[in-house]
Structures are given as structure tokens and as C-alpha cells.
Amino acid sequence: MGYLVLADIHANLQALDAVLAAAPEYDAVLFLGDLVGYGPNPNEVAERLLALPNLTALLGNHDLAALGAIDLSTFNPVARFAAEWTARQLSPESREYLAALSPRLDLTDVTLAHGSPRDPVWEYLVDLDEAEPNFAAFTAPLALVGHTHVPRTFLVTDGAITLPPSNAGAVLNTASGRAIVNPGGVGQPRDGDPRAAFGILDTDEETFRFERVPYDVGETQERMLEAGLPPSLAARLSYGL
Ligand code: ZN
């Protein structure tokens, strides 16, 4: 099976469309949460995602914020502004769809979590010392996470956890050990590369491939400014930060 692995689309329709155009053939889609928040097209992105074949989707912290389900005092001011804007924009259909999702799902051979296996809504899984307790929080050979918007792999081989390359074009052999993999963010990358990030999991080849694709950042920024979203949120897309 080939899986298109997406995370953190954040209502960025240009980025999502570029990824869908660039993705090789796949059988199913795994989306790791944060469909909305920050970006200008929450309902269009929801419609696009829902039309994809064999979709499994998670709920992210920004989706919860847009649903009014969490206290926004933990968000920084611009993220909060965008969350409140998104809440006003969400159609009843988008709202109903998001409200039915969960931030963690345990499938047969893979665990999906927005943040981390042990704290699927909030934890940013960045460092090696956070990886160890998270490997103890699921039993599958592989976990896929999002939330940081930074591509990353934690791999356990011979009892040690390493960080294999996760840059564009890097390929992880998923049979080489238990792994936690973050494909990076589609709609708001934060690793200094403004291109949309995604991954391809091939369970026959036992590989996970990290991919990047450029998109029309200027168009997304224009739509954000027209919508009255904070200019700083538009500007960061140019830098991938
Ligand atoms: Zn996010």
C-alpha cells in the first residue's frame, strides 16, 4: 500500500494543491491534524481533503481551537486572532467533520498522533530525550506525528535512538527499527524551507520518503491579507519559519 502522509495543512489551499499535484500514485491518505488555523481557506481545504481516496484524518490543536473546544489563552496573540477568525469562517459541514475527529488513532501497523503518542494534542516532539517516553506510549512498529511542522525521524536500532536524515529526498527503511516520523508541514513549514512538505509511506517496499514541493506562496499571502489575517503570519510563509 502507498500512503500519502500529510500534516499541518493550516487552511493553505495553494500548498495542498501543489502537494496533490506532485504526489506519486497512492492508495490512501493519512492526515495528521491541523487542517485549519493560520491560513485563508479553511472550508476549501476541508472540501479538498474530504474528496481524497481512503482518507484517515486526525484532529489537531488548531482544529480544536477553531471548534472553540480549548482555551485560547495558551495561543500567542496572532495564532489566537487566526483561530478566532477561523472559528467565524467554518461552515457547518467543516465544523461537523472536524468535531468527529480524534487526535490519536492506533491502526494495525501504525499509530497516528498529531503532537506525540503520549500527548497527542499538545506535545512538540523535537528532542531525543522526549522520544524515549514516546516510544513507550505506543506498540506499533511505526508512529506518524505532526505539530512541529519540521520533518524528523526518531529511529530505534540496537536500543539506541538516532535522528536519521529527514530532508527532501531522504528515504527511511521502516524495517530497520521502530520509528516515529514527522513528514513536516504542508501549509506552514518551519524548518527554513518554504516548500510544502509531505511524505510517502510504502508498506510493500517498507520505506518512508520525505518530499518537498514549491507552491505559490504569494497567492496564499495575498488571500491572507485580503481576509484580514495578521501580516506576520503571511510573511513567515516566505521563509518557512
Ligand atoms: Zn500545526
# chains A, B, ... in the order shown; residues from 1 in each chain; ligands from 1

call {"tool": "residues_around", "arguments": {"residues": "range 197-201 of chain A", "least_positions_apart": "3", "cutoff": "6 Å", "atoms": "only C-alpha atoms", "output": "PyMOL selection string"}}
result
chain A and resi 2-6+183-186+207-212

call {"tool": "residues_near_ligand", "arguments": {"ligand": "ligand 1", "cutoff": "8 Å", "atoms": "only C-alpha atoms and all ligand atoms", "output": "VMD selection string"}}
result
chain A and resid 7 to 10 33 to 34 37 60 to 62 146 to 149 185 188

call {"tool": "closest_residue", "arguments": {"among": "A:Ser94, A:Ser73, A:Thr153, A:Leu67", "to": "Leu49 in chain A", "atoms": "only C-alpha atoms"}}
result
A:Ser94

call {"tool": "residues_around", "arguments": {"residues": "Phe81 in chain A", "least_positions_apart": "5", "cutoff": "10 Å", "atoms": "only C-alpha atoms", "output": "list in words"}}
result
Gly37, Tyr38, Leu72, Phe75, Asn76, Thr86, Ala87, Leu229 and Pro230 of chain A

call {"tool": "write_last_selection", "arguments": {"atoms": "all heavy atoms", "output": "compact mmCIF listing (two decimals), in the first residue's frame"}}
result
# COMPACT_ATOMS: atom_id res chain seq x y z
N GLY A 37 -6.56 26.90 10.77
CA GLY A 37 -5.77 27.77 11.62
C GLY A 37 -4.63 28.36 10.81
O GLY A 37 -3.99 27.64 10.03
N TYR A 38 -4.39 29.66 10.94
CA TYR A 38 -3.36 30.44 10.24
C TYR A 38 -3.74 30.82 8.80
O TYR A 38 -3.55 31.95 8.40
CB TYR A 38 -2.00 29.72 10.17
CG TYR A 38 -1.32 29.47 11.48
CD1 TYR A 38 -0.88 28.20 11.84
CD2 TYR A 38 -1.09 30.52 12.38
CE1 TYR A 38 -0.23 27.97 13.03
CE2 TYR A 38 -0.44 30.29 13.59
CZ TYR A 38 -0.02 29.02 13.90
OH TYR A 38 0.63 28.77 15.09
N LEU A 72 -8.02 29.53 24.50
CA LEU A 72 -7.08 30.17 23.58
C LEU A 72 -6.01 30.99 24.29
O LEU A 72 -5.13 31.55 23.63
CB LEU A 72 -7.84 31.06 22.59
CG LEU A 72 -8.68 30.31 21.56
CD1 LEU A 72 -9.41 31.31 20.66
CD2 LEU A 72 -7.84 29.39 20.71
N PHE A 75 -2.48 30.25 23.33
CA PHE A 75 -2.00 30.59 22.00
C PHE A 75 -1.34 31.98 22.03
O PHE A 75 -1.76 32.85 22.77
CB PHE A 75 -3.19 30.65 21.02
CG PHE A 75 -3.59 29.32 20.45
CD1 PHE A 75 -3.64 28.18 21.24
CD2 PHE A 75 -3.93 29.20 19.11
CE1 PHE A 75 -4.02 26.95 20.70
CE2 PHE A 75 -4.30 27.98 18.56
CZ PHE A 75 -4.35 26.86 19.37
N ASN A 76 -0.34 32.19 21.18
CA ASN A 76 0.21 33.54 21.07
C ASN A 76 -0.82 34.42 20.37
O ASN A 76 -1.75 33.92 19.73
CB ASN A 76 1.60 33.52 20.41
CG ASN A 76 1.53 33.18 18.93
OD1 ASN A 76 0.75 33.77 18.18
ND2 ASN A 76 2.31 32.22 18.51
N THR A 86 -10.84 31.89 12.10
CA THR A 86 -11.21 30.59 11.51
C THR A 86 -12.54 30.11 12.08
O THR A 86 -13.39 29.59 11.33
CB THR A 86 -10.11 29.55 11.79
OG1 THR A 86 -8.86 30.04 11.27
CG2 THR A 86 -10.44 28.22 11.15
N ALA A 87 -12.74 30.28 13.37
CA ALA A 87 -13.99 29.84 14.01
C ALA A 87 -15.20 30.52 13.36
O ALA A 87 -16.24 29.90 13.16
CB ALA A 87 -13.95 30.14 15.51
N LEU A 229 -6.12 38.61 7.89
CA LEU A 229 -5.28 37.83 8.81
C LEU A 229 -3.96 38.58 9.07
O LEU A 229 -3.55 39.40 8.25
CB LEU A 229 -5.01 36.44 8.21
CG LEU A 229 -6.23 35.51 8.28
CD1 LEU A 229 -6.10 34.34 7.31
CD2 LEU A 229 -6.44 34.98 9.71
N PRO A 230 -3.30 38.33 10.21
CA PRO A 230 -2.11 39.11 10.57
C PRO A 230 -1.00 39.01 9.52
O PRO A 230 -0.61 37.92 9.11
CB PRO A 230 -1.66 38.45 11.89
CG PRO A 230 -2.90 37.85 12.45
CD PRO A 230 -3.70 37.39 11.26

call {"tool": "atom_distance", "arguments": {"atom1": "CA of Pro53 in chain A", "atom2": "CA of Val29 in chain A"}}
result
6.7 Å

call {"tool": "residues_around", "arguments": {"residues": "range 122-133 of chain A", "least_positions_apart": "3", "cutoff": "10 Å", "atoms": "only C-alpha atoms", "output": "VMD selection string"}}
result
chain A and resid 60 to 61 103 114 to 119 136 to 138 145 to 156 160 to 163 179 to 182

call {"tool": "write_last_selection", "arguments": {"atoms": "N, CA, C and O atoms", "output": "short mmCIF file (atom, residue, chain, number, x, y, z; two decimals), in the first residue's frame"}}
result
data_model
loop_
_atom_site.label_atom_id
_atom_site.label_comp_id
_atom_site.auth_asym_id
_atom_site.auth_seq_id
_atom_site.Cartn_x
_atom_site.Cartn_y
_atom_site.Cartn_z
N GLY A 60 -6.18 18.29 15.17
CA GLY A 60 -5.04 18.98 15.77
C GLY A 60 -5.47 20.05 16.75
O GLY A 60 -6.66 20.36 16.86
N ASN A 61 -4.49 20.64 17.43
CA ASN A 61 -4.81 21.67 18.41
C ASN A 61 -5.46 22.90 17.77
O ASN A 61 -6.35 23.52 18.37
N PRO A 103 -7.42 13.11 18.09
CA PRO A 103 -6.01 13.48 17.90
C PRO A 103 -5.04 12.29 17.86
O PRO A 103 -3.87 12.47 17.58
N HIS A 114 -1.33 13.62 16.43
CA HIS A 114 -1.00 14.97 15.96
C HIS A 114 0.32 15.46 16.59
O HIS A 114 1.26 15.78 15.90
N GLY A 115 0.37 15.51 17.92
CA GLY A 115 1.57 16.01 18.59
C GLY A 115 2.57 14.91 18.88
O GLY A 115 3.66 14.88 18.32
N SER A 116 2.20 14.00 19.77
CA SER A 116 3.07 12.87 20.11
C SER A 116 2.18 11.74 20.59
O SER A 116 1.03 11.96 20.97
N PRO A 117 2.70 10.51 20.61
CA PRO A 117 1.87 9.40 21.09
C PRO A 117 1.38 9.60 22.53
O PRO A 117 0.24 9.28 22.83
N ARG A 118 2.22 10.16 23.41
CA ARG A 118 1.78 10.27 24.81
C ARG A 118 0.93 11.51 25.07
O ARG A 118 0.21 11.58 26.08
N ASP A 119 1.06 12.51 24.23
CA ASP A 119 0.29 13.75 24.42
C ASP A 119 -0.12 14.27 23.04
O ASP A 119 0.49 15.18 22.49
N ALA A 136 7.53 4.38 24.35
CA ALA A 136 6.84 3.54 25.33
C ALA A 136 5.33 3.75 25.31
O ALA A 136 4.58 2.99 25.92
N ALA A 137 4.88 4.78 24.60
CA ALA A 137 3.45 5.14 24.63
C ALA A 137 2.66 4.57 23.45
O ALA A 137 1.50 4.91 23.26
N PHE A 138 3.32 3.72 22.63
CA PHE A 138 2.59 3.02 21.57
C PHE A 138 3.30 1.69 21.30
O PHE A 138 4.46 1.52 21.70
N VAL A 145 3.66 11.47 13.28
CA VAL A 145 3.22 12.64 14.05
C VAL A 145 3.39 13.91 13.22
O VAL A 145 4.10 13.92 12.22
N GLY A 146 2.75 14.99 13.67
CA GLY A 146 2.88 16.29 13.04
C GLY A 146 3.21 17.34 14.08
O GLY A 146 4.06 17.12 14.94
N HIS A 147 2.54 18.49 14.00
CA HIS A 147 2.52 19.52 15.04
C HIS A 147 3.74 20.46 15.05
O HIS A 147 3.59 21.64 15.29
N THR A 148 4.96 19.94 14.82
CA THR A 148 6.13 20.83 14.86
C THR A 148 6.35 21.53 13.52
O THR A 148 7.06 22.52 13.45
N HIS A 149 5.78 20.99 12.45
CA HIS A 149 5.99 21.49 11.08
C HIS A 149 7.45 21.33 10.64
O HIS A 149 7.91 22.05 9.75
N VAL A 150 8.16 20.43 11.26
CA VAL A 150 9.56 20.17 10.93
C VAL A 150 9.72 18.68 10.64
O VAL A 150 9.41 17.86 11.51
N PRO A 151 10.21 18.31 9.45
CA PRO A 151 10.41 16.88 9.16
C PRO A 151 11.44 16.28 10.11
O PRO A 151 12.48 16.89 10.35
N ARG A 152 11.13 15.10 10.64
CA ARG A 152 12.07 14.49 11.60
C ARG A 152 11.79 13.00 11.72
O ARG A 152 10.66 12.55 11.58
N THR A 153 12.85 12.26 11.99
CA THR A 153 12.73 10.83 12.24
C THR A 153 13.45 10.48 13.53
O THR A 153 14.60 10.89 13.72
N PHE A 154 12.79 9.75 14.40
CA PHE A 154 13.43 9.11 15.56
C PHE A 154 13.43 7.62 15.27
O PHE A 154 12.37 7.05 15.03
N LEU A 155 14.61 7.01 15.31
CA LEU A 155 14.72 5.60 14.95
C LEU A 155 15.41 4.83 16.06
O LEU A 155 16.47 5.25 16.55
N VAL A 156 14.80 3.70 16.47
CA VAL A 156 15.42 2.85 17.49
C VAL A 156 16.10 1.67 16.81
O VAL A 156 15.44 0.88 16.14
N ALA A 160 19.31 2.03 20.82
CA ALA A 160 19.66 3.45 20.83
C ALA A 160 18.74 4.21 19.88
O ALA A 160 18.34 3.69 18.84
N ILE A 161 18.42 5.46 20.26
CA ILE A 161 17.57 6.30 19.39
C ILE A 161 18.46 7.26 18.60
O ILE A 161 19.30 7.96 19.18
N THR A 162 18.28 7.27 17.28
CA THR A 162 19.05 8.18 16.43
C THR A 162 18.09 9.07 15.63
O THR A 162 16.88 8.83 15.62
N LEU A 163 18.66 10.08 14.97
CA LEU A 163 17.89 11.00 14.13
C LEU A 163 18.39 10.89 12.69
O LEU A 163 19.22 11.68 12.26
N ALA A 179 10.15 3.36 14.62
CA ALA A 179 10.39 4.75 14.25
C ALA A 179 9.19 5.64 14.58
O ALA A 179 8.04 5.18 14.59
N ILE A 180 9.50 6.88 14.89
CA ILE A 180 8.49 7.94 14.95
C ILE A 180 8.89 8.94 13.86
O ILE A 180 10.01 9.45 13.86
N VAL A 181 7.96 9.22 12.94
CA VAL A 181 8.29 10.04 11.77
C VAL A 181 7.33 11.23 11.67
O VAL A 181 6.11 11.06 11.78
N ASN A 182 7.91 12.40 11.43
CA ASN A 182 7.13 13.61 11.16
C ASN A 182 7.43 14.04 9.72
O ASN A 182 8.58 14.31 9.39
#

call {"tool": "select_by_dssp", "arguments": {"residues": "range 61-228 of chain A", "states": "helix (DSSP H, G or I)", "output": "number ranges by chain"}}
result
A: 61-66, 72-74, 77-89, 92-99, 128-135, 174-176, 217-226

call {"tool": "atom_distance", "arguments": {"atom1": "CA of Asp204 in chain A", "atom2": "CA of Asn173 in chain A"}}
result
11.2 Å

call {"tool": "atom_distance", "arguments": {"atom1": "CA of Glu47 in chain A", "atom2": "CA of Val121 in chain A"}}
result
23.1 Å

call {"tool": "closest_residue", "arguments": {"among": "A:Ala15, A:Leu144, A:Ala69, A:Ala28", "to": "Met1 in chain A", "atoms": "only C-alpha atoms"}}
result
A:Ala28

call {"tool": "select_by_dssp", "arguments": {"residues": "range 23-231 of chain A", "states": "strand (DSSP E)", "output": "ChimeraX atom specification"}}
result
/A:28-31,55-57,104-106,110-113,142-145,152-157,160-162,171-173,178-182,196-202,207-213

call {"tool": "residues_around", "arguments": {"residues": "Glu222 in chain A", "least_positions_apart": "3", "cutoff": "12 Å", "atoms": "only C-alpha atoms", "output": "PyMOL selection string"}}
result
chain A and resi 12+14+39-41+216-219+225-231+233-235+237

call {"tool": "write_last_selection", "arguments": {"atoms": "N, CA and C atoms", "output": "tab-separated table (two decimals), in the first residue's frame"}}
result
chain	number	residue	atom	x	y	z
A	12	ASN	N	-4.17	26.18	3.95
A	12	ASN	CA	-3.37	26.70	2.83
A	12	ASN	C	-3.68	25.87	1.58
A	14	GLN	N	-3.24	26.56	-1.67
A	14	GLN	CA	-2.20	26.50	-2.71
A	14	GLN	C	-1.18	25.42	-2.38
A	39	GLY	N	-4.23	29.88	8.02
A	39	GLY	CA	-4.39	30.10	6.58
A	39	GLY	C	-5.77	30.63	6.21
A	40	PRO	N	-5.91	31.05	4.91
A	40	PRO	CA	-7.10	31.79	4.49
A	40	PRO	C	-8.26	30.94	3.95
A	41	ASN	N	-8.08	29.64	3.74
A	41	ASN	CA	-9.12	28.86	3.06
A	41	ASN	C	-9.55	27.60	3.82
A	216	ASP	N	2.63	28.37	-4.75
A	216	ASP	CA	2.50	29.81	-4.97
A	216	ASP	C	2.28	30.51	-3.62
A	217	VAL	N	3.40	30.77	-2.92
A	217	VAL	CA	3.34	31.40	-1.61
A	217	VAL	C	2.67	32.77	-1.71
A	218	GLY	N	2.99	33.51	-2.77
A	218	GLY	CA	2.44	34.86	-2.94
A	218	GLY	C	0.92	34.87	-3.00
A	219	GLU	N	0.35	33.88	-3.66
A	219	GLU	CA	-1.11	33.79	-3.76
A	219	GLU	C	-1.72	33.55	-2.37
A	225	LEU	N	-3.96	38.38	3.47
A	225	LEU	CA	-4.07	39.82	3.73
A	225	LEU	C	-5.47	40.32	3.37
A	226	GLU	N	-6.03	39.80	2.27
A	226	GLU	CA	-7.40	40.17	1.89
A	226	GLU	C	-8.40	39.76	2.97
A	227	ALA	N	-8.12	38.63	3.63
A	227	ALA	CA	-9.02	38.13	4.67
A	227	ALA	C	-8.85	38.88	5.98
A	228	GLY	N	-7.81	39.73	6.07
A	228	GLY	CA	-7.57	40.47	7.31
A	228	GLY	C	-6.78	39.67	8.34
A	229	LEU	N	-6.12	38.61	7.89
A	229	LEU	CA	-5.28	37.83	8.81
A	229	LEU	C	-3.96	38.58	9.07
A	230	PRO	N	-3.30	38.33	10.21
A	230	PRO	CA	-2.11	39.11	10.57
A	230	PRO	C	-1.00	39.01	9.52
A	231	PRO	N	-0.45	40.17	9.08
A	231	PRO	CA	0.64	40.18	8.09
A	231	PRO	C	1.84	39.33	8.50
A	233	LEU	N	1.82	36.48	9.93
A	233	LEU	CA	1.54	35.08	9.57
A	233	LEU	C	1.74	34.86	8.07
A	234	ALA	N	1.42	35.89	7.28
A	234	ALA	CA	1.64	35.78	5.84
A	234	ALA	C	3.14	35.81	5.54
A	235	ALA	N	3.85	36.73	6.20
A	235	ALA	CA	5.28	36.93	5.91
A	235	ALA	C	6.09	35.67	6.21
A	237	LEU	N	5.54	32.67	5.79
A	237	LEU	CA	5.47	31.62	4.75
A	237	LEU	C	6.61	31.78	3.73

call {"tool": "closest_residue", "arguments": {"among": "A:Ala22, A:Leu13, A:Ala168, A:Leu64", "to": "Glu44 in chain A", "atoms": "only C-alpha atoms"}}
result
A:Leu13

call {"tool": "decode", "arguments": {"residues": "range 151-181 of chain A", "atoms": "N, CA, C and O atoms", "output": "PDB file, in the first residue's frame"}}
result
ATOM      1  N   PRO A 151      10.213  18.311   9.445  1.00  0.00           N
ATOM      2  CA  PRO A 151      10.406  16.885   9.156  1.00  0.00           C
ATOM      3  C   PRO A 151      11.436  16.285  10.110  1.00  0.00           C
ATOM      4  O   PRO A 151      12.480  16.890  10.349  1.00  0.00           O
ATOM      5  N   ARG A 152      11.132  15.099  10.641  1.00  0.00           N
ATOM      6  CA  ARG A 152      12.067  14.488  11.602  1.00  0.00           C
ATOM      7  C   ARG A 152      11.790  13.001  11.715  1.00  0.00           C
ATOM      8  O   ARG A 152      10.664  12.553  11.581  1.00  0.00           O
ATOM      9  N   THR A 153      12.854  12.263  11.992  1.00  0.00           N
ATOM     10  CA  THR A 153      12.726  10.826  12.245  1.00  0.00           C
ATOM     11  C   THR A 153      13.450  10.482  13.532  1.00  0.00           C
ATOM     12  O   THR A 153      14.601  10.885  13.724  1.00  0.00           O
ATOM     13  N   PHE A 154      12.789   9.746  14.404  1.00  0.00           N
ATOM     14  CA  PHE A 154      13.429   9.115  15.557  1.00  0.00           C
ATOM     15  C   PHE A 154      13.427   7.622  15.273  1.00  0.00           C
ATOM     16  O   PHE A 154      12.366   7.046  15.026  1.00  0.00           O
ATOM     17  N   LEU A 155      14.605   7.013  15.309  1.00  0.00           N
ATOM     18  CA  LEU A 155      14.717   5.596  14.948  1.00  0.00           C
ATOM     19  C   LEU A 155      15.408   4.826  16.065  1.00  0.00           C
ATOM     20  O   LEU A 155      16.466   5.248  16.545  1.00  0.00           O
ATOM     21  N   VAL A 156      14.800   3.703  16.469  1.00  0.00           N
ATOM     22  CA  VAL A 156      15.420   2.853  17.493  1.00  0.00           C
ATOM     23  C   VAL A 156      16.097   1.673  16.805  1.00  0.00           C
ATOM     24  O   VAL A 156      15.436   0.876  16.137  1.00  0.00           O
ATOM     25  N   THR A 157      17.415   1.624  16.936  1.00  0.00           N
ATOM     26  CA  THR A 157      18.146   0.446  16.452  1.00  0.00           C
ATOM     27  C   THR A 157      19.122   0.028  17.537  1.00  0.00           C
ATOM     28  O   THR A 157      19.833   0.871  18.080  1.00  0.00           O
ATOM     29  N   ASP A 158      19.156  -1.257  17.854  1.00  0.00           N
ATOM     30  CA  ASP A 158      20.030  -1.785  18.911  1.00  0.00           C
ATOM     31  C   ASP A 158      19.867  -1.010  20.219  1.00  0.00           C
ATOM     32  O   ASP A 158      20.838  -0.726  20.917  1.00  0.00           O
ATOM     33  N   GLY A 159      18.642  -0.637  20.538  1.00  0.00           N
ATOM     34  CA  GLY A 159      18.362   0.000  21.816  1.00  0.00           C
ATOM     35  C   GLY A 159      18.716   1.465  21.894  1.00  0.00           C
ATOM     36  O   GLY A 159      18.455   2.126  22.896  1.00  0.00           O
ATOM     37  N   ALA A 160      19.306   2.031  20.824  1.00  0.00           N
ATOM     38  CA  ALA A 160      19.656   3.452  20.832  1.00  0.00           C
ATOM     39  C   ALA A 160      18.745   4.211  19.876  1.00  0.00           C
ATOM     40  O   ALA A 160      18.337   3.692  18.840  1.00  0.00           O
ATOM     41  N   ILE A 161      18.422   5.464  20.256  1.00  0.00           N
ATOM     42  CA  ILE A 161      17.573   6.297  19.391  1.00  0.00           C
ATOM     43  C   ILE A 161      18.459   7.261  18.604  1.00  0.00           C
ATOM     44  O   ILE A 161      19.298   7.963  19.180  1.00  0.00           O
ATOM     45  N   THR A 162      18.283   7.275  17.284  1.00  0.00           N
ATOM     46  CA  THR A 162      19.050   8.181  16.434  1.00  0.00           C
ATOM     47  C   THR A 162      18.093   9.067  15.633  1.00  0.00           C
ATOM     48  O   THR A 162      16.877   8.833  15.615  1.00  0.00           O
ATOM     49  N   LEU A 163      18.662  10.079  14.972  1.00  0.00           N
ATOM     50  CA  LEU A 163      17.890  11.002  14.129  1.00  0.00           C
ATOM     51  C   LEU A 163      18.392  10.889  12.693  1.00  0.00           C
ATOM     52  O   LEU A 163      19.224  11.679  12.256  1.00  0.00           O
ATOM     53  N   PRO A 164      17.908   9.916  11.931  1.00  0.00           N
ATOM     54  CA  PRO A 164      18.338   9.788  10.533  1.00  0.00           C
ATOM     55  C   PRO A 164      17.893  11.004   9.713  1.00  0.00           C
ATOM     56  O   PRO A 164      16.990  11.731  10.126  1.00  0.00           O
ATOM     57  N   PRO A 165      18.528  11.241   8.548  1.00  0.00           N
ATOM     58  CA  PRO A 165      18.171  12.394   7.712  1.00  0.00           C
ATOM     59  C   PRO A 165      16.685  12.399   7.344  1.00  0.00           C
ATOM     60  O   PRO A 165      16.112  11.345   7.050  1.00  0.00           O
ATOM     61  N   SER A 166      16.098  13.589   7.353  1.00  0.00           N
ATOM     62  CA  SER A 166      14.673  13.726   7.033  1.00  0.00           C
ATOM     63  C   SER A 166      14.466  14.861   6.044  1.00  0.00           C
ATOM     64  O   SER A 166      13.375  15.413   5.943  1.00  0.00           O
ATOM     65  N   ASN A 167      15.525  15.212   5.339  1.00  0.00           N
ATOM     66  CA  ASN A 167      15.452  16.274   4.342  1.00  0.00           C
ATOM     67  C   ASN A 167      14.779  15.762   3.065  1.00  0.00           C
ATOM     68  O   ASN A 167      14.571  14.549   2.910  1.00  0.00           O
ATOM     69  N   ALA A 168      14.478  16.679   2.149  1.00  0.00           N
ATOM     70  CA  ALA A 168      13.800  16.307   0.906  1.00  0.00           C
ATOM     71  C   ALA A 168      14.575  15.216   0.187  1.00  0.00           C
ATOM     72  O   ALA A 168      15.783  15.330  -0.019  1.00  0.00           O
ATOM     73  N   GLY A 169      13.892  14.151  -0.172  1.00  0.00           N
ATOM     74  CA  GLY A 169      14.522  13.050  -0.889  1.00  0.00           C
ATOM     75  C   GLY A 169      15.055  11.956   0.013  1.00  0.00           C
ATOM     76  O   GLY A 169      15.391  10.872  -0.473  1.00  0.00           O
ATOM     77  N   ALA A 170      15.153  12.219   1.330  1.00  0.00           N
ATOM     78  CA  ALA A 170      15.642  11.183   2.243  1.00  0.00           C
ATOM     79  C   ALA A 170      14.641  10.034   2.296  1.00  0.00           C
ATOM     80  O   ALA A 170      13.424  10.251   2.229  1.00  0.00           O
ATOM     81  N   VAL A 171      15.156   8.820   2.383  1.00  0.00           N
ATOM     82  CA  VAL A 171      14.299   7.634   2.444  1.00  0.00           C
ATOM     83  C   VAL A 171      14.658   6.827   3.687  1.00  0.00           C
ATOM     84  O   VAL A 171      15.820   6.481   3.901  1.00  0.00           O
ATOM     85  N   LEU A 172      13.645   6.570   4.514  1.00  0.00           N
ATOM     86  CA  LEU A 172      13.834   5.741   5.709  1.00  0.00           C
ATOM     87  C   LEU A 172      13.404   4.316   5.390  1.00  0.00           C
ATOM     88  O   LEU A 172      12.321   4.099   4.844  1.00  0.00           O
ATOM     89  N   ASN A 173      14.238   3.357   5.731  1.00  0.00           N
ATOM     90  CA  ASN A 173      13.837   1.952   5.664  1.00  0.00           C
ATOM     91  C   ASN A 173      13.072   1.640   6.953  1.00  0.00           C
ATOM     92  O   ASN A 173      13.665   1.548   8.020  1.00  0.00           O
ATOM     93  N   THR A 174      11.755   1.494   6.849  1.00  0.00           N
ATOM     94  CA  THR A 174      10.937   1.347   8.056  1.00  0.00           C
ATOM     95  C   THR A 174      11.123  -0.018   8.715  1.00  0.00           C
ATOM     96  O   THR A 174      10.659  -0.224   9.827  1.00  0.00           O
ATOM     97  N   ALA A 175      11.811  -0.919   8.028  1.00  0.00           N
ATOM     98  CA  ALA A 175      12.095  -2.223   8.629  1.00  0.00           C
ATOM     99  C   ALA A 175      13.374  -2.196   9.461  1.00  0.00           C
ATOM    100  O   ALA A 175      13.705  -3.178  10.127  1.00  0.00           O
ATOM    101  N   SER A 176      14.085  -1.060   9.455  1.00  0.00           N
ATOM    102  CA  SER A 176      15.381  -1.016  10.147  1.00  0.00           C
ATOM    103  C   SER A 176      15.247  -0.795  11.647  1.00  0.00           C
ATOM    104  O   SER A 176      16.231  -0.859  12.374  1.00  0.00           O
ATOM    105  N   GLY A 177      14.036  -0.521  12.149  1.00  0.00           N
ATOM    106  CA  GLY A 177      13.833  -0.338  13.582  1.00  0.00           C
ATOM    107  C   GLY A 177      12.493   0.320  13.830  1.00  0.00           C
ATOM    108  O   GLY A 177      11.809   0.714  12.878  1.00  0.00           O
ATOM    109  N   ARG A 178      12.103   0.435  15.113  1.00  0.00           N
ATOM    110  CA  ARG A 178      10.876   1.190  15.399  1.00  0.00           C
ATOM    111  C   ARG A 178      11.149   2.663  15.144  1.00  0.00           C
ATOM    112  O   ARG A 178      12.244   3.152  15.428  1.00  0.00           O
ATOM    113  N   ALA A 179      10.153   3.359  14.618  1.00  0.00           N
ATOM    114  CA  ALA A 179      10.389   4.755  14.250  1.00  0.00           C
ATOM    115  C   ALA A 179       9.191   5.638  14.583  1.00  0.00           C
ATOM    116  O   ALA A 179       8.045   5.183  14.592  1.00  0.00           O
ATOM    117  N   ILE A 180       9.499   6.884  14.885  1.00  0.00           N
ATOM    118  CA  ILE A 180       8.491   7.942  14.946  1.00  0.00           C
ATOM    119  C   ILE A 180       8.886   8.945  13.864  1.00  0.00           C
ATOM    120  O   ILE A 180      10.007   9.445  13.857  1.00  0.00           O
ATOM    121  N   VAL A 181       7.965   9.222  12.938  1.00  0.00           N
ATOM    122  CA  VAL A 181       8.292  10.045  11.769  1.00  0.00           C
ATOM    123  C   VAL A 181       7.331  11.227  11.669  1.00  0.00           C
ATOM    124  O   VAL A 181       6.114  11.064  11.781  1.00  0.00           O
TER     125      VAL A 181
END
